[in-house]
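To be precise, the following lines are target.pdb, and they hold PDB, C-alpha atoms.
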```
ATOM      1  CA  MET A   1      -5.362 -34.941   5.212  1.00  0.00           C
ATOM      2  CA  ALA A   2      -4.137 -38.080   3.442  1.00  0.00           C
ATOM      3  CA  ALA A   3      -4.976 -36.512   0.082  1.00  0.00           C
ATOM      4  CA  ASP A   4      -2.477 -33.750   0.860  1.00  0.00           C
ATOM      5  CA  ARG A   5       0.368 -36.311   0.965  1.00  0.00           C
ATOM      6  CA  THR A   6      -0.240 -37.396  -2.622  1.00  0.00           C
ATOM      7  CA  SER A   7       2.638 -36.415  -4.863  1.00  0.00           C
ATOM      8  CA  LEU A   8       1.647 -34.351  -7.898  1.00  0.00           C
ATOM      9  CA  PRO A   9       3.940 -32.933 -10.573  1.00  0.00           C
ATOM     10  CA  CYS A  10       4.362 -29.226 -11.135  1.00  0.00           C
ATOM     11  CA  SER A  11       2.683 -28.536 -14.477  1.00  0.00           C
ATOM     12  CA  LEU A  12       5.715 -26.584 -15.705  1.00  0.00           C
ATOM     13  CA  CYS A  13       8.870 -28.325 -14.434  1.00  0.00           C
ATOM     14  CA  GLY A  14       7.395 -31.744 -13.651  1.00  0.00           C
ATOM     15  CA  ARG A  15       9.037 -32.098 -10.219  1.00  0.00           C
ATOM     16  CA  PRO A  16       6.884 -33.925  -7.610  1.00  0.00           C
ATOM     17  CA  PHE A  17       5.285 -31.955  -4.769  1.00  0.00           C
ATOM     18  CA  GLU A  18       2.582 -32.488  -2.188  1.00  0.00           C
ATOM     19  CA  HIS A  19      -0.686 -30.919  -3.299  1.00  0.00           C
ATOM     20  CA  SER A  20      -0.512 -28.380  -0.453  1.00  0.00           C
ATOM     21  CA  GLN A  21       2.845 -27.101  -1.760  1.00  0.00           C
ATOM     22  CA  LEU A  22       1.549 -26.310  -5.260  1.00  0.00           C
ATOM     23  CA  THR A  23       0.081 -22.942  -6.162  1.00  0.00           C
ATOM     24  CA  LYS A  24      -2.691 -22.101  -8.614  1.00  0.00           C
ATOM     25  CA  HIS A  25      -1.566 -20.278 -11.737  1.00  0.00           C
ATOM     26  CA  HIS A  26      -4.162 -18.749 -14.053  1.00  0.00           C
ATOM     27  CA  CYS A  27      -2.642 -19.391 -17.495  1.00  0.00           C
ATOM     28  CA  LEU A  28      -4.984 -16.755 -18.863  1.00  0.00           C
ATOM     29  CA  PRO A  29      -4.829 -14.131 -16.072  1.00  0.00           C
ATOM     30  CA  ARG A  30      -8.102 -13.314 -14.325  1.00  0.00           C
ATOM     31  CA  ALA A  31      -7.537  -9.640 -15.150  1.00  0.00           C
ATOM     32  CA  GLU A  32      -7.480 -10.643 -18.825  1.00  0.00           C
ATOM     33  CA  GLY A  33     -10.666 -12.751 -18.685  1.00  0.00           C
ATOM     34  CA  GLY A  34      -9.318 -16.047 -17.309  1.00  0.00           C
ATOM     35  CA  THR A  35     -11.576 -18.460 -15.427  1.00  0.00           C
ATOM     36  CA  GLN A  36     -11.094 -21.447 -13.106  1.00  0.00           C
ATOM     37  CA  GLU A  37     -10.778 -23.594 -16.243  1.00  0.00           C
ATOM     38  CA  ASP A  38      -7.502 -21.799 -17.060  1.00  0.00           C
ATOM     39  CA  VAL A  39      -5.773 -22.924 -13.827  1.00  0.00           C
ATOM     40  CA  GLU A  40      -2.659 -25.114 -13.561  1.00  0.00           C
ATOM     41  CA  LEU A  41      -0.863 -26.230 -10.393  1.00  0.00           C
ATOM     42  CA  LEU A  42       2.727 -24.979 -10.202  1.00  0.00           C
ATOM     43  CA  CYS A  43       5.515 -25.203  -7.665  1.00  0.00           C
ATOM     44  CA  PRO A  44       6.331 -21.876  -5.986  1.00  0.00           C
ATOM     45  CA  GLN A  45       9.639 -21.505  -7.869  1.00  0.00           C
ATOM     46  CA  CYS A  46       8.067 -21.875 -11.318  1.00  0.00           C
ATOM     47  CA  HIS A  47       5.104 -19.667 -10.410  1.00  0.00           C
ATOM     48  CA  GLY A  48       7.398 -16.978  -9.064  1.00  0.00           C
ATOM     49  CA  MET A  49       9.621 -17.075 -12.145  1.00  0.00           C
ATOM     50  CA  ILE A  50       6.645 -16.689 -14.494  1.00  0.00           C
ATOM     51  CA  HIS A  51       5.438 -13.568 -12.702  1.00  0.00           C
ATOM     52  CA  ALA A  52       8.966 -12.203 -12.301  1.00  0.00           C
ATOM     53  CA  THR A  53       9.428 -12.519 -16.072  1.00  0.00           C
ATOM     54  CA  TYR A  54       6.094 -11.622 -17.672  1.00  0.00           C
ATOM     55  CA  THR A  55       3.322  -9.089 -17.225  1.00  0.00           C
ATOM     56  CA  ASN A  56      -0.274 -10.306 -17.241  1.00  0.00           C
ATOM     57  CA  GLU A  57      -0.702  -8.712 -20.658  1.00  0.00           C
ATOM     58  CA  THR A  58       2.202 -10.730 -22.082  1.00  0.00           C
ATOM     59  CA  LEU A  59       0.898 -13.934 -20.515  1.00  0.00           C
ATOM     60  CA  ALA A  60      -2.541 -13.372 -22.032  1.00  0.00           C
ATOM     61  CA  ALA A  61      -1.225 -12.453 -25.492  1.00  0.00           C
ATOM     62  CA  LEU A  62       1.694 -14.883 -25.942  1.00  0.00           C
ATOM     63  CA  TYR A  63       1.447 -17.644 -23.330  1.00  0.00           C
ATOM     64  CA  PRO A  64      -2.210 -18.375 -22.449  1.00  0.00           C
ATOM     65  CA  THR A  65      -1.576 -22.148 -22.054  1.00  0.00           C
ATOM     66  CA  ILE A  66       0.901 -24.205 -20.041  1.00  0.00           C
ATOM     67  CA  ASP A  67       2.215 -25.812 -23.253  1.00  0.00           C
ATOM     68  CA  GLN A  68       3.099 -22.404 -24.663  1.00  0.00           C
ATOM     69  CA  LEU A  69       4.819 -21.426 -21.392  1.00  0.00           C
ATOM     70  CA  ARG A  70       6.938 -24.594 -21.510  1.00  0.00           C
ATOM     71  CA  LYS A  71       8.226 -23.472 -24.919  1.00  0.00           C
ATOM     72  CA  ALA A  72       8.890 -19.839 -23.907  1.00  0.00           C
ATOM     73  CA  PRO A  73      12.489 -18.929 -24.803  1.00  0.00           C
ATOM     74  CA  GLU A  74      12.849 -16.706 -21.720  1.00  0.00           C
ATOM     75  CA  LEU A  75      12.128 -19.688 -19.420  1.00  0.00           C
ATOM     76  CA  ARG A  76      14.252 -22.279 -21.241  1.00  0.00           C
ATOM     77  CA  ALA A  77      17.409 -21.891 -19.116  1.00  0.00           C
ATOM     78  CA  PHE A  78      15.393 -21.671 -15.878  1.00  0.00           C
ATOM     79  CA  LEU A  79      13.456 -24.855 -16.672  1.00  0.00           C
ATOM     80  CA  ARG A  80      16.626 -26.729 -17.594  1.00  0.00           C
ATOM     81  CA  TRP A  81      18.134 -25.685 -14.230  1.00  0.00           C
ATOM     82  CA  VAL A  82      15.089 -26.158 -11.980  1.00  0.00           C
ATOM     83  CA  ARG A  83      14.360 -29.674 -13.261  1.00  0.00           C
ATOM     84  CA  LYS A  84      17.718 -30.740 -11.779  1.00  0.00           C
ATOM     85  CA  GLN A  85      16.891 -29.294  -8.341  1.00  0.00           C
ATOM     86  CA  PRO A  86      15.319 -31.307  -5.521  1.00  0.00           C
ATOM     87  CA  PRO A  87      11.751 -30.278  -4.640  1.00  0.00           C
ATOM     88  CA  THR A  88      13.009 -29.266  -1.196  1.00  0.00           C
ATOM     89  CA  ARG A  89      15.160 -26.463  -2.634  1.00  0.00           C
ATOM     90  CA  ARG A  90      13.735 -23.023  -1.885  1.00  0.00           C
ATOM     91  CA  LYS A  91      15.100 -20.076  -3.784  1.00  0.00           C
ATOM     92  CA  ARG A  92      13.396 -16.770  -4.300  1.00  0.00           C
ATOM     93  CA  ASN A  93      13.324 -15.537  -7.885  1.00  0.00           C
ATOM     94  CA  LEU A  94      14.503 -11.998  -8.342  1.00  0.00           C
ATOM     95  CA  PRO A  95      12.377  -9.815 -10.613  1.00  0.00           C
ATOM     96  CA  ARG A  96      13.865  -8.962 -13.957  1.00  0.00           C
ATOM     97  CA  ARG A  97      14.872  -5.376 -14.576  1.00  0.00           C
ATOM     98  CA  ARG A  98      12.177  -5.140 -17.184  1.00  0.00           C
ATOM     99  CA  LYS A  99       9.289  -7.569 -17.476  1.00  0.00           C
ATOM    100  CA  LEU A 100       8.402  -8.797 -20.915  1.00  0.00           C
TER     101      LEU A 100
END
```
This structure in structure tokens:
Amino acid sequence: MAADRTSLPCSLCGRPFEHSQLTKHHCLPRAEGGTQEDVELLCPQCHGMIHATYTNETLAALYPTIDQLRKAPELRAFLRWVRKQPPTRRKRNLPRRRKL
């Protein structure tokens, strides 16, 4: 259990979390041919925002890596905001009216 207490950064926002709090995000969605090699650990807020914003098809075509997601114009304002939030903040992301 001691390994669970190790602080790791979210691969998208960089905020520190315990390993057990991070979720697995398939940068290249499994439905689009992604494998375990395409996995990054994300905090729940970042992971939720990605899937509230993009379809799996868009993720596969435009943002198949974490570096490309960090540069996504649709996430720019969210990332600027979330990086200022404490890791303890819990806020549910509302889905967009139309996913990209």
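Considering the residues A:Leu28, A:Arg15, A:Arg90, A:Glu37 and counting only C-alpha atoms, A:Leu59 has its shortest atom-to-atom contact with A:Leu28.
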Answer key for the PyMOL selection byres ((chain A and resi 51) around 10), residues as a PyMOL selection string: chain A and resi 25+46-50+52-56+59+93+95-96+99-100
For A:Gln21, please output as a ChimeraX atom specification all residues within 12 Å (counting only C-alpha atoms; exclusion window: fewer than 6 positions along the same chain). /A:4-10,15,41-45,47,87-88,90
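Residue nearest A:Leu69 within the list A:Glu40, A:Arg30, A:Lys84, A:Lys24: A:Glu40 [criterion: smallest interatomic distance, all atoms listed in the file].
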So which one's closest to A:Leu62, A:Pro29, A:Lys91, A:Ser11, A:His19? Using all atoms listed in the file, please.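 Nearest to A:Leu62: A:Pro29.
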Hey, can you check how far atom CA of A:Ser20 sits from atom CA of A:Glu74? 27.7 Å
What does the distance between atom CA of A:Glu18 and atom CA of A:Arg89 come to in Å, to one decimal place? 14.0 Å
Quick one: pull the distance between atom CA of A:Tyr63 and atom CA of A:His26, Å, one decimal.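 One can read the atom CA of A:Tyr63 to atom CA of A:His26 distance as 10.9 Å.
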